[in-house]
>>> print(open('data.cif').read())   # mmCIF, C-alpha atoms
data_structure
#
loop_
_atom_site.label_atom_id
_atom_site.label_comp_id
_atom_site.auth_asym_id
_atom_site.auth_seq_id
_atom_site.Cartn_x
_atom_site.Cartn_y
_atom_site.Cartn_z
CA PRO A 1 -38.67 14.23 15.65
CA MET A 2 -35.34 13.52 17.23
CA PRO A 3 -35.57 13.11 21.03
CA GLN A 4 -34.07 16.00 22.94
CA GLN A 5 -31.03 15.23 25.04
CA ALA A 6 -29.34 17.55 27.47
CA ALA A 7 -25.61 17.44 26.91
CA THR A 8 -22.73 19.73 27.60
CA ILE A 9 -19.98 19.52 24.99
CA THR A 10 -16.73 20.31 26.74
CA SER A 11 -14.12 19.03 24.32
CA LEU A 12 -13.39 18.70 20.62
CA PRO A 13 -13.42 14.86 20.70
CA MET A 14 -16.83 15.02 22.40
CA ALA A 15 -18.12 17.27 19.62
CA PHE A 16 -17.01 14.76 16.98
CA GLU A 17 -18.70 11.97 18.95
CA VAL A 18 -21.94 13.94 18.78
CA VAL A 19 -21.48 14.22 15.01
CA LYS A 20 -21.03 10.46 14.74
CA ALA A 21 -24.12 9.83 16.88
CA MET A 22 -26.20 12.10 14.68
CA GLN A 23 -24.99 10.31 11.55
CA ALA A 24 -25.82 6.94 13.15
CA ASP A 25 -29.39 8.22 13.66
CA GLY A 26 -29.63 8.92 9.94
CA LEU A 27 -28.97 12.65 10.12
CA ASP A 28 -26.53 13.83 7.48
CA TRP A 29 -23.98 16.33 8.64
CA ASP A 30 -24.65 18.45 5.59
CA GLU A 31 -24.21 22.16 4.93
CA GLY A 32 -27.24 22.96 7.10
CA TYR A 33 -25.44 21.70 10.19
CA ARG A 34 -21.89 22.59 9.25
CA PRO A 35 -21.99 26.35 10.04
CA ILE A 36 -23.51 25.57 13.46
CA GLY A 37 -20.90 22.92 14.05
CA ARG A 38 -18.08 25.26 13.07
CA GLN A 39 -19.37 27.94 15.43
CA ALA A 40 -19.66 25.45 18.28
CA LEU A 41 -16.16 24.09 17.74
CA GLU A 42 -14.79 27.61 17.47
CA LYS A 43 -16.25 28.49 20.86
CA ILE A 44 -15.02 25.23 22.42
CA ILE A 45 -11.45 25.65 21.19
CA GLU A 46 -11.29 29.33 22.06
CA ALA A 47 -12.65 28.61 25.57
CA GLN A 48 -10.00 25.94 26.08
CA MET A 49 -7.27 28.33 24.96
CA ALA A 50 -8.57 31.07 27.25
CA ALA A 51 -8.56 28.61 30.16
CA ALA A 52 -4.99 27.60 29.31
CA VAL A 53 -3.88 31.24 29.40
CA GLU A 54 -5.64 31.76 32.73
CA ARG A 55 -3.94 28.71 34.24
CA TYR A 56 -0.58 29.93 32.97
CA LEU A 57 -1.00 33.38 34.50
CA GLN A 58 -2.14 31.88 37.81
CA ARG A 59 0.99 29.73 37.97
CA LEU A 60 3.18 32.76 37.29
CA GLU A 61 1.36 34.80 39.93
CA ALA A 62 1.93 32.05 42.49
CA ASP A 63 5.64 32.10 41.63
CA ASP A 64 5.69 35.92 41.67
CA VAL A 65 6.73 36.07 37.97
CA ALA A 66 5.52 39.00 35.87
CA ASP A 67 3.62 38.58 32.62
CA ARG A 68 0.38 39.96 31.18
CA ARG A 69 -2.14 39.39 28.43
CA ASN A 70 -1.17 40.67 25.02
CA GLY A 71 -4.29 40.49 22.86
CA TYR A 72 -5.06 37.92 20.17
CA TYR A 73 -3.89 36.75 16.77
CA ARG A 74 -5.90 34.99 14.07
CA ARG A 75 -5.24 31.42 13.05
CA HIS A 76 -7.11 29.10 10.66
CA LEU A 77 -7.89 25.49 11.58
CA LEU A 78 -9.26 23.10 8.96
CA THR A 79 -11.56 20.44 10.41
CA GLU A 80 -13.87 17.84 8.88
CA LEU A 81 -16.61 20.46 9.33
CA GLY A 82 -14.74 23.05 7.31
CA ASP A 83 -12.45 25.98 8.03
CA ILE A 84 -12.53 27.62 11.48
CA GLU A 85 -10.89 31.00 12.09
CA LEU A 86 -9.76 31.17 15.70
CA ALA A 87 -8.86 34.12 17.89
CA VAL A 88 -5.82 32.78 19.74
CA PRO A 89 -5.18 34.59 23.05
CA ARG A 90 -1.64 35.25 24.19
CA THR A 91 0.47 36.92 26.80
CA ARG A 92 3.75 38.64 26.22
CA ARG A 93 5.57 35.30 26.64
CA TYR A 94 3.00 32.56 26.09
CA SER A 95 0.49 31.35 23.51
CA PRO A 96 -1.71 28.26 24.16
CA VAL A 97 -0.80 26.57 20.87
CA GLU A 98 -0.78 23.16 22.59
CA VAL A 99 -4.57 23.23 22.34
CA ILE A 100 -4.42 23.10 18.55
CA ARG A 101 -0.89 21.77 17.99
CA ALA A 102 -2.22 18.24 17.46
CA TYR A 103 -4.12 19.48 14.44
CA ALA A 104 -1.15 21.26 12.84
CA ARG A 105 -3.60 23.65 11.13
CA ARG A 106 -5.50 20.63 9.73
CA THR A 107 -7.17 17.77 11.53
CA ARG A 108 -5.92 14.27 10.82
CA GLU A 109 -9.16 13.60 8.94
CA ILE A 110 -8.37 16.39 6.51
CA ASP A 111 -4.77 15.19 6.19
CA ARG A 112 -6.07 11.76 5.22
CA VAL A 113 -8.32 13.29 2.57
CA ILE A 114 -5.39 15.24 1.15
CA LEU A 115 -3.16 12.16 1.17
CA ALA A 116 -5.80 10.02 -0.51
CA GLY A 117 -6.08 12.46 -3.39
CA PHE A 118 -2.32 12.73 -3.65
CA VAL A 119 -1.86 8.95 -3.67
CA LEU A 120 -4.34 8.67 -6.53
CA GLY A 121 -2.10 10.83 -8.67
CA LEU A 122 -3.94 14.14 -8.51
CA SER A 123 -1.80 17.23 -8.82
CA THR A 124 -1.44 19.44 -5.77
CA ARG A 125 -3.61 22.07 -7.48
CA LYS A 126 -6.38 19.54 -8.23
CA VAL A 127 -6.33 18.23 -4.67
CA GLY A 128 -6.84 21.76 -3.39
CA GLU A 129 -9.74 22.28 -5.80
CA ALA A 130 -11.32 18.94 -4.83
CA LEU A 131 -11.25 19.92 -1.16
CA LEU A 132 -12.81 23.31 -1.77
CA ALA A 133 -16.38 21.96 -1.67
CA LEU A 134 -15.62 19.80 1.36
CA LEU A 135 -13.90 22.45 3.44
CA GLY A 136 -15.40 25.68 2.23
CA ARG A 137 -11.83 26.87 1.77
CA GLU A 138 -9.27 25.87 -0.83
CA VAL A 139 -6.13 24.09 0.33
CA SER A 140 -3.02 25.45 -1.33
CA ALA A 141 -0.66 23.32 -3.38
CA THR A 142 2.05 24.07 -0.85
CA THR A 143 -0.08 22.70 1.98
CA VAL A 144 -0.86 19.51 0.03
CA SER A 145 2.82 18.99 -0.74
CA GLN A 146 3.74 19.40 2.92
CA VAL A 147 1.15 16.84 3.99
CA ALA A 148 2.28 14.44 1.24
CA LYS A 149 5.73 14.34 2.82
CA THR A 150 4.17 12.24 5.56
CA LEU A 151 3.30 9.57 3.01
CA ASP A 152 6.71 9.82 1.33
CA ALA A 153 8.36 9.21 4.69
CA ALA A 154 6.21 6.10 5.20
CA VAL A 155 7.12 4.81 1.73
CA ALA A 156 10.81 5.33 2.41
CA ALA A 157 10.50 3.56 5.78
CA PHE A 158 8.76 0.61 4.08
CA HIS A 159 11.63 0.23 1.60
CA ARG A 160 14.25 0.44 4.38
CA ARG A 161 12.64 -1.63 7.13
CA PRO A 162 14.57 -4.66 8.47
CA LEU A 163 13.39 -8.04 7.19
CA ALA A 164 13.34 -11.49 8.78
CA ASN A 165 13.49 -15.06 7.49
CA ARG A 166 9.88 -15.82 8.41
CA TYR A 167 8.75 -17.29 5.06
CA GLN A 168 8.51 -20.85 3.82
CA ALA A 169 8.36 -19.84 0.16
CA LEU A 170 9.14 -16.77 -1.90
CA MET A 171 7.40 -15.57 -5.09
CA LEU A 172 9.25 -13.22 -7.43
CA ASP A 173 7.76 -11.55 -10.48
CA GLY A 174 8.05 -8.44 -12.61
CA VAL A 175 4.84 -6.67 -13.65
CA VAL A 176 4.79 -3.88 -16.22
CA LEU A 177 3.05 -0.58 -15.47
CA ALA A 178 2.93 2.66 -17.45
CA ARG A 179 3.80 6.15 -16.31
CA LYS A 180 3.53 9.46 -18.10
CA THR A 181 6.47 11.29 -19.63
CA GLY A 182 6.74 14.31 -21.87
CA ALA A 183 6.99 11.96 -24.84
CA GLY A 184 4.03 9.77 -23.88
CA ALA A 185 3.51 6.73 -21.68
CA LEU A 186 6.64 4.84 -20.64
CA ARG A 187 6.19 1.18 -19.74
CA ARG A 188 8.47 -0.05 -16.98
CA PRO A 189 8.48 -3.18 -14.80
CA VAL A 190 7.90 -3.32 -11.08
CA LEU A 191 9.95 -6.06 -9.40
CA VAL A 192 8.00 -7.67 -6.55
CA ALA A 193 8.85 -10.09 -3.75
CA LEU A 194 5.95 -11.85 -2.01
CA GLY A 195 6.46 -14.21 0.92
CA LEU A 196 4.30 -17.15 1.96
CA ARG A 197 4.31 -17.54 5.74
CA PRO A 198 4.01 -20.89 7.52
CA ASP A 199 0.46 -19.96 8.56
CA GLY A 200 -0.53 -19.53 4.90
CA LYS A 201 -0.66 -15.73 4.95
CA LYS A 202 0.89 -13.92 2.00
CA GLU A 203 2.87 -10.72 2.41
CA ILE A 204 4.24 -8.30 -0.14
CA ILE A 205 7.76 -7.98 1.25
CA ASP A 206 8.90 -5.19 -1.02
CA PHE A 207 8.81 -3.85 -4.57
CA ARG A 208 11.11 -1.80 -6.76
CA LEU A 209 10.49 0.40 -9.80
CA ALA A 210 13.10 -0.82 -12.29
CA GLY A 211 14.35 0.14 -15.70
CA SER A 212 14.10 -3.44 -16.94
CA GLU A 213 13.94 -7.06 -15.79
CA SER A 214 17.63 -7.59 -16.46
CA ALA A 215 19.86 -9.74 -14.28
CA LEU A 216 21.51 -6.58 -12.92
CA GLU A 217 18.19 -5.02 -11.85
CA TRP A 218 17.05 -8.24 -10.16
CA GLU A 219 20.43 -8.67 -8.47
CA ARG A 220 20.22 -5.15 -7.04
CA PHE A 221 16.69 -5.75 -5.73
CA LEU A 222 17.47 -9.16 -4.22
CA SER A 223 20.76 -7.93 -2.74
CA ASP A 224 18.92 -5.11 -0.97
CA LEU A 225 16.46 -7.62 0.51
CA TYR A 226 19.40 -9.82 1.56
CA ARG A 227 21.22 -6.93 3.30
CA ARG A 228 18.04 -6.09 5.22
CA GLY A 229 17.76 -9.65 6.55
CA LEU A 230 16.05 -11.80 3.91
CA THR A 231 18.93 -14.25 3.52
CA GLY A 232 16.84 -17.24 2.45
CA GLU A 233 17.27 -19.25 5.63
CA GLY A 234 14.30 -21.60 6.04
CA LEU A 235 13.01 -21.14 2.48
CA ASP A 236 11.65 -24.32 0.90
CA MET A 237 11.60 -22.85 -2.59
CA ILE A 238 11.41 -19.73 -4.73
CA CYS A 239 8.65 -19.49 -7.35
CA VAL A 240 9.62 -17.45 -10.42
CA ASP A 241 8.02 -16.43 -13.67
CA GLY A 242 10.89 -17.74 -15.80
CA GLY A 243 12.42 -14.43 -16.87
CA LYS A 244 16.05 -14.85 -17.91
CA GLY A 245 17.28 -11.91 -15.83
CA LEU A 246 15.79 -13.27 -12.62
CA LEU A 247 17.07 -16.80 -13.28
CA LYS A 248 20.60 -15.41 -13.69
CA ALA A 249 20.40 -13.28 -10.53
CA LEU A 250 19.07 -15.98 -8.17
CA PRO A 251 22.23 -18.14 -7.98
CA ILE A 252 24.25 -15.01 -7.17
CA VAL A 253 22.14 -13.73 -4.26
CA LEU A 254 20.15 -16.77 -3.08
CA PRO A 255 22.07 -19.86 -4.22
CA GLN A 256 21.11 -23.48 -3.54
CA ILE A 257 17.45 -22.70 -2.85
CA PRO A 258 15.15 -24.90 -5.01
CA VAL A 259 13.40 -23.02 -7.80
CA GLN A 260 9.75 -23.59 -8.68
CA ARG A 261 8.78 -22.42 -12.15
CA CYS A 262 5.39 -20.73 -12.27
CA TRP A 263 2.79 -23.05 -13.76
CA ALA A 264 0.57 -20.18 -14.92
CA HIS A 265 3.38 -18.66 -16.97
CA LYS A 266 4.45 -22.05 -18.32
CA ILE A 267 0.94 -23.00 -19.44
CA ARG A 268 0.61 -19.69 -21.30
CA ASN A 269 4.02 -20.17 -22.94
CA VAL A 270 3.19 -23.72 -24.06
CA LEU A 271 -0.23 -22.78 -25.42
CA ASP A 272 1.28 -19.88 -27.37
CA LYS A 273 2.99 -22.56 -29.52
CA VAL A 274 -0.24 -24.46 -30.19
CA ARG A 275 -2.97 -23.73 -32.71
CA LYS A 276 -6.06 -22.22 -31.09
CA ALA A 277 -8.26 -25.17 -32.04
CA ASP A 278 -5.98 -27.58 -30.16
CA GLN A 279 -5.29 -25.40 -27.13
CA PRO A 280 -8.12 -26.84 -24.96
CA LYS A 281 -6.80 -30.40 -25.42
CA VAL A 282 -3.22 -29.40 -24.63
CA LYS A 283 -4.35 -27.36 -21.64
CA ARG A 284 -6.22 -30.36 -20.19
CA ALA A 285 -3.09 -32.48 -20.60
CA LEU A 286 -1.02 -29.83 -18.79
CA HIS A 287 -3.54 -29.72 -15.95
CA LYS A 288 -3.22 -33.50 -15.53
CA ILE A 289 0.48 -32.97 -14.87
CA MET A 290 -0.10 -30.04 -12.54
CA HIS A 291 -2.75 -31.85 -10.48
CA ALA A 292 -1.01 -35.22 -10.29
CA ALA A 293 -0.92 -36.76 -6.82
CA ASN A 294 2.86 -37.29 -6.85
CA VAL A 295 6.00 -36.79 -8.94
CA PRO A 296 5.97 -40.21 -10.70
CA LEU A 297 2.38 -39.64 -11.82
CA ALA A 298 3.26 -36.09 -12.94
CA ARG A 299 6.16 -37.35 -15.03
CA SER A 300 3.95 -40.06 -16.50
CA ALA A 301 1.38 -37.44 -17.50
CA ALA A 302 4.16 -35.35 -19.07
CA ARG A 303 5.35 -38.34 -21.14
CA HIS A 304 1.78 -38.93 -22.27
CA LEU A 305 1.48 -35.29 -23.38
CA ALA A 306 4.75 -35.56 -25.30
CA ASP A 307 3.73 -38.78 -27.02
CA ARG A 308 0.41 -37.28 -28.03
CA PHE A 309 1.44 -33.81 -29.25
CA GLU A 310 5.17 -33.73 -30.07
CA ALA A 311 4.71 -34.65 -33.72
CA HIS A 312 2.51 -31.61 -34.33
CA TYR A 313 3.88 -29.21 -31.71
CA PRO A 314 7.55 -29.97 -31.03
CA ALA A 315 8.27 -26.44 -29.77
CA ALA A 316 5.45 -26.64 -27.23
CA VAL A 317 6.64 -30.00 -25.91
CA ALA A 318 10.23 -28.73 -25.73
CA CYS A 319 9.04 -25.69 -23.76
CA LEU A 320 7.53 -28.03 -21.18
CA ARG A 321 10.33 -30.59 -21.17
CA ASP A 322 13.12 -28.03 -20.70
CA ASP A 323 11.72 -26.83 -17.37
CA LEU A 324 9.87 -29.92 -16.16
CA ASP A 325 12.18 -30.59 -13.21
CA GLU A 326 11.65 -27.07 -11.84
CA LEU A 327 7.91 -27.32 -12.46
CA LEU A 328 7.84 -30.33 -10.11
CA THR A 329 9.66 -28.70 -7.16
CA CYS A 330 6.36 -27.98 -5.38
CA TRP A 331 5.72 -31.73 -4.95
CA ARG A 332 7.89 -31.64 -1.86
CA TYR A 333 4.58 -30.65 -0.27
CA LYS A 334 2.15 -33.50 0.30
CA THR A 335 -1.24 -31.97 -0.49
CA ASP A 336 -2.59 -30.22 -3.56
CA ASP A 337 -3.67 -27.25 -1.42
CA GLN A 338 -0.08 -26.77 -0.25
CA ARG A 339 1.24 -27.09 -3.78
CA ARG A 340 -1.37 -24.68 -5.12
CA ALA A 341 -0.09 -21.96 -2.76
CA VAL A 342 3.45 -22.09 -4.16
CA ARG A 343 3.28 -23.27 -7.78
CA THR A 344 2.38 -19.90 -9.35
CA THR A 345 3.12 -16.20 -8.88
CA ASN A 346 -0.60 -15.43 -9.38
CA ALA A 347 -0.82 -13.85 -5.92
CA ILE A 348 1.37 -11.02 -7.18
CA GLU A 349 -0.70 -10.53 -10.32
CA ARG A 350 -3.91 -10.45 -8.27
CA ARG A 351 -2.52 -7.56 -6.25
CA PHE A 352 -1.59 -5.72 -9.42
CA ARG A 353 -5.14 -6.12 -10.68
CA GLU A 354 -6.16 -4.09 -7.62
CA VAL A 355 -3.50 -1.50 -8.50
CA ARG A 356 -4.87 -1.22 -12.03
CA ARG A 357 -8.47 -1.04 -10.79
CA ARG A 358 -7.65 1.87 -8.50
CA THR A 359 -5.57 3.70 -11.09
CA ARG A 360 -7.77 3.10 -14.16
CA PRO A 361 -9.35 6.59 -13.88
CA MET A 362 -5.83 8.06 -13.94
CA GLY A 363 -4.84 6.30 -17.17
CA THR A 364 -1.17 6.18 -16.23
CA PHE A 365 0.92 7.32 -13.29
CA GLN A 366 2.09 10.91 -13.35
CA ASP A 367 5.66 10.07 -12.33
CA ARG A 368 7.79 7.61 -10.38
CA THR A 369 6.81 9.19 -7.08
CA SER A 370 3.07 8.78 -7.61
CA MET A 371 3.67 5.22 -8.83
CA ASP A 372 5.65 4.42 -5.69
CA ARG A 373 2.94 5.93 -3.49
CA ILE A 374 0.00 4.06 -5.00
CA LEU A 375 1.87 0.73 -4.97
CA PHE A 376 2.77 1.32 -1.34
CA ALA A 377 -0.82 2.21 -0.47
CA VAL A 378 -2.32 -0.84 -2.22
CA PHE A 379 0.27 -3.33 -1.04
CA THR A 380 0.21 -2.24 2.60
CA HIS A 381 -3.60 -2.42 2.49
CA GLU A 382 -3.39 -5.96 1.05
CA ASN A 383 -0.87 -6.94 3.72
CA LYS A 384 -3.09 -5.54 6.44
CA SER A 385 -6.06 -7.49 5.08
CA GLN A 386 -3.92 -10.63 5.42
CA GLY A 387 -3.14 -9.74 9.02
CA VAL A 388 0.53 -9.02 8.25
CA SER A 389 0.54 -5.22 8.32
CA THR A 390 3.89 -3.67 7.46
CA LEU A 391 2.64 -0.08 7.51
CA PHE A 392 4.84 2.28 9.50
CA LEU A 393 2.73 4.63 11.61
CA LEU A 394 4.58 7.91 11.51
CA THR A 395 4.19 10.81 13.89
CA HIS A 396 4.97 14.43 13.18
CA ASN A 397 8.27 13.92 15.00
CA ASN A 398 9.31 11.25 12.47
#
>>> encode(input="data.cif", output="structure tokens")
Amino acid sequence: PMPQQAATITSLPMAFEVVKAMQADGLDWDEGYRPIGRQALEKIIEAQMAAAVERYLQRLEADDVADRRNGYYRRHLLTELGDIELAVPRTRRYSPVEVIRAYARRTREIDRVILAGFVLGLSTRKVGEALLALLGREVSATTVSQVAKTLDAAVAAFHRRPLANRYQALMLDGVVLARKTGAGALRRPVLVALGLRPDGKKEIIDFRLAGSESALEWERFLSDLYRRGLTGEGLDMICVDGGKGLLKALPIVLPQIPVQRCWAHKIRNVLDKVRKADQPKVKRALHKIMHAANVPLARSAARHLADRFEAHYPAAVACLRDDLDELLTCWRYKTDDQRRAVRTTNAIERRFREVRRRTRPMGTFQDRTSMDRILFAVFTHENKSQGVSTLFLLTHNN
């Protein structure tokens, strides 16, 4: 049996601490405890409101100002224990709403549950239904939409926040995602900028849902980053996937910064021009270039690859030769570890694998808004895990 402890719960935070302690002891806060918990919290909150009214009337009496009690009105408060219906006392001129104002009809825990469902693409109706079992009371679609505005404000703040030239390298890539339309799934690219900091940490700087990967779309995205402060000062290089639109936009917005072509993309492009039986041999030859200790050795390995395979695969060799200079930009760094960090845009693709993992049960995104929300949620989580959190903590006043 659980040891008996004498304790007087005098506040709502204290009540939640008791809940946590019980859970730590292996006691589930299941439906058997929830009604008792709701009753206890109801009494605590109502006692605090009654005390607030009493203090208010005592202050008025001391100042010889007239006022009097004026009954009660009913108000619902959703907590992690379920719905509580409170009798809120009032006077003719005062109601102690400050006692429950912080909860705004729902505790922050419930808000987070609502937001999580909304981020994952559930409709407002489905979120309300999902919370029915948890709360013992359905949350309306209107309520869910109101709470979701908090997340939308954070997303907008993320896309508008000022930027700084704190990166040594920049990775740019476009990754295609699908979203639902009335005519079926529509595949559209997401343009992404990831920065490598001097301490080795990687940060998703921003992303944009675009209609295509054209030069105009990339120019708009990069120009917005530039206006917000990412002017390219201090950048050693920019790693790109090789898309024509991006390569045309870079000299316009960020000229004279060395370009590093992504080795992962280049290897795939070269191997696409090679018969499957010969792909392992060609891939090993490409890796000898990529892992060379210095530029002269890398160029020597490239010449060896050309001599060995050009007769059978001229298009593959031309694909390598055309971009070889930009494939070797990363050799301005001395060690292979440093070069590995900047020679591909794989860090962006790894983050999109997490996006796809989280959204696989959804199939596709419902609309642009849900796509923007889930990308924001995943990317800010990834940034936080790197120790470079860019999440804006919003208050109700925001």
>>> resolve_selection(input="data.cif", expression="the PyMOL selection byres ((chain A and resi 307-323) around 10)", output="NGL selection string")
:A and (242 or 260-261 or 266-267 or 269-275 or 278 or 281-282 or 285-286 or 301-306 or 324-328)
>>> atom_distance(input="data.cif", atom1="CA of Phe221 in chain A", atom2="CA of Tyr333 in chain A")
28.2 Å
>>> resolve_selection(input="data.cif", expression="the PyMOL selection byres ((chain A and resi 72) around 10)", output="MDAnalysis selection string")
chainID A and resid 69:71 73:75 86:91 95
>>> atom_distance(input="data.cif", atom1="CA of Arg93 in chain A", atom2="CA of Ala47 in chain A")
19.4 Å
>>> closest_residue(input="data.cif", among="A:Met237, A:Ala264, A:Leu191, A:Ala215", to="Ile252 in chain A", atoms="all atoms listed in the file")
A:Ala215
>>> closest_residue(input="data.cif", among="A:Leu250, A:Cys330, A:Val192, A:Ala292", to="Leu375 in chain A", atoms="all atoms listed in the file")
A:Val192
>>> residues_around(input="data.cif", residues="Leu230 in chain A", least_positions_apart="3", cutoff="12 Å", atoms="all atoms listed in the file", output="number ranges by chain")
A: 161-170, 193-195, 205-206, 221-227, 233-235, 253-254
>>> write_last_selection(input="data.cif", atoms="C-alpha atoms", output="short mmCIF file (atom, residue, chain, number, x, y, z; two decimals), in the frame of the given file")
data_model
loop_
_atom_site.label_atom_id
_atom_site.label_comp_id
_atom_site.auth_asym_id
_atom_site.auth_seq_id
_atom_site.Cartn_x
_atom_site.Cartn_y
_atom_site.Cartn_z
CA ARG A 161 12.64 -1.63 7.13
CA PRO A 162 14.57 -4.66 8.47
CA LEU A 163 13.39 -8.04 7.19
CA ALA A 164 13.34 -11.49 8.78
CA ASN A 165 13.49 -15.06 7.49
CA ARG A 166 9.88 -15.82 8.41
CA TYR A 167 8.75 -17.29 5.06
CA GLN A 168 8.51 -20.85 3.82
CA ALA A 169 8.36 -19.84 0.16
CA LEU A 170 9.14 -16.77 -1.90
CA ALA A 193 8.85 -10.09 -3.75
CA LEU A 194 5.95 -11.85 -2.01
CA GLY A 195 6.46 -14.21 0.92
CA ILE A 205 7.76 -7.98 1.25
CA ASP A 206 8.90 -5.19 -1.02
CA PHE A 221 16.69 -5.75 -5.73
CA LEU A 222 17.47 -9.16 -4.22
CA SER A 223 20.76 -7.93 -2.74
CA ASP A 224 18.92 -5.11 -0.97
CA LEU A 225 16.46 -7.62 0.51
CA TYR A 226 19.40 -9.82 1.56
CA ARG A 227 21.22 -6.93 3.30
CA GLU A 233 17.27 -19.25 5.63
CA GLY A 234 14.30 -21.60 6.04
CA LEU A 235 13.01 -21.14 2.48
CA VAL A 253 22.14 -13.73 -4.26
CA LEU A 254 20.15 -16.77 -3.08
#
>>> residues_around(input="data.cif", residues="Glu217 in chain A", least_positions_apart="2", cutoff="12 Å", atoms="all atoms listed in the file", output="PDB file with C-alpha atoms, in the frame of the given file")
ATOM      1  CA  GLY A 174       8.050  -8.440 -12.610  1.00  0.00           C
ATOM      2  CA  PRO A 189       8.480  -3.180 -14.800  1.00  0.00           C
ATOM      3  CA  VAL A 190       7.900  -3.320 -11.080  1.00  0.00           C
ATOM      4  CA  LEU A 191       9.950  -6.060  -9.400  1.00  0.00           C
ATOM      5  CA  VAL A 192       8.000  -7.670  -6.550  1.00  0.00           C
ATOM      6  CA  PHE A 207       8.810  -3.850  -4.570  1.00  0.00           C
ATOM      7  CA  ARG A 208      11.110  -1.800  -6.760  1.00  0.00           C
ATOM      8  CA  LEU A 209      10.490   0.400  -9.800  1.00  0.00           C
ATOM      9  CA  ALA A 210      13.100  -0.820 -12.290  1.00  0.00           C
ATOM     10  CA  GLY A 211      14.350   0.140 -15.700  1.00  0.00           C
ATOM     11  CA  SER A 212      14.100  -3.440 -16.940  1.00  0.00           C
ATOM     12  CA  GLU A 213      13.940  -7.060 -15.790  1.00  0.00           C
ATOM     13  CA  SER A 214      17.630  -7.590 -16.460  1.00  0.00           C
ATOM     14  CA  ALA A 215      19.860  -9.740 -14.280  1.00  0.00           C
ATOM     15  CA  GLU A 219      20.430  -8.670  -8.470  1.00  0.00           C
ATOM     16  CA  ARG A 220      20.220  -5.150  -7.040  1.00  0.00           C
ATOM     17  CA  PHE A 221      16.690  -5.750  -5.730  1.00  0.00           C
ATOM     18  CA  LEU A 222      17.470  -9.160  -4.220  1.00  0.00           C
ATOM     19  CA  SER A 223      20.760  -7.930  -2.740  1.00  0.00           C
ATOM     20  CA  ASP A 224      18.920  -5.110  -0.970  1.00  0.00           C
ATOM     21  CA  LYS A 244      16.050 -14.850 -17.910  1.00  0.00           C
ATOM     22  CA  GLY A 245      17.280 -11.910 -15.830  1.00  0.00           C
ATOM     23  CA  LEU A 246      15.790 -13.270 -12.620  1.00  0.00           C
ATOM     24  CA  LEU A 247      17.070 -16.800 -13.280  1.00  0.00           C
ATOM     25  CA  LYS A 248      20.600 -15.410 -13.690  1.00  0.00           C
ATOM     26  CA  ALA A 249      20.400 -13.280 -10.530  1.00  0.00           C
ATOM     27  CA  LEU A 250      19.070 -15.980  -8.170  1.00  0.00           C
TER      28      LEU A 250
END
>>> atom_distance(input="data.cif", atom1="CA of Pro280 in chain A", atom2="CA of Val295 in chain A")
23.6 Å
>>> closest_residue(input="data.cif", among="A:Ala62, A:Leu78, A:Val342, A:Val97", to="Gln48 in chain A", atoms="only C-alpha atoms")
A:Val97
>>> decode(input="data.cif", residues="range 375-382 of chain A", atoms="N, CA, C and O atoms", output="CSV table (one decimal), in the first residue's frame")
chain,number,residue,atom,x,y,z
A,375,LEU,N,6.0,21.6,-41.1
A,375,LEU,CA,7.4,21.9,-41.4
A,375,LEU,C,8.0,22.8,-40.3
A,375,LEU,O,9.2,22.5,-39.9
A,376,PHE,N,7.3,23.8,-39.9
A,376,PHE,CA,7.7,24.6,-38.8
A,376,PHE,C,8.0,23.8,-37.5
A,376,PHE,O,9.0,23.9,-36.9
A,377,ALA,N,7.0,22.9,-37.2
A,377,ALA,CA,7.1,22.2,-36.0
A,377,ALA,C,8.4,21.2,-36.0
A,377,ALA,O,9.1,21.1,-35.1
A,378,VAL,N,8.6,20.5,-37.2
A,378,VAL,CA,9.7,19.6,-37.3
A,378,VAL,C,11.0,20.4,-37.3
A,378,VAL,O,12.0,20.0,-36.6
A,379,PHE,N,11.1,21.4,-38.1
A,379,PHE,CA,12.4,22.1,-38.2
A,379,PHE,C,12.8,22.9,-36.9
A,379,PHE,O,14.0,22.9,-36.6
A,380,THR,N,11.8,23.4,-36.2
A,380,THR,CA,12.2,24.1,-35.0
A,380,THR,C,12.6,23.1,-33.9
A,380,THR,O,13.5,23.3,-33.1
A,381,HIS,N,12.0,21.9,-34.0
A,381,HIS,CA,12.4,20.8,-33.1
A,381,HIS,C,13.8,20.4,-33.4
A,381,HIS,O,14.7,20.2,-32.5
A,382,GLU,N,14.1,20.2,-34.7
A,382,GLU,CA,15.5,19.8,-35.1
A,382,GLU,C,16.5,20.9,-34.7
A,382,GLU,O,17.6,20.6,-34.2
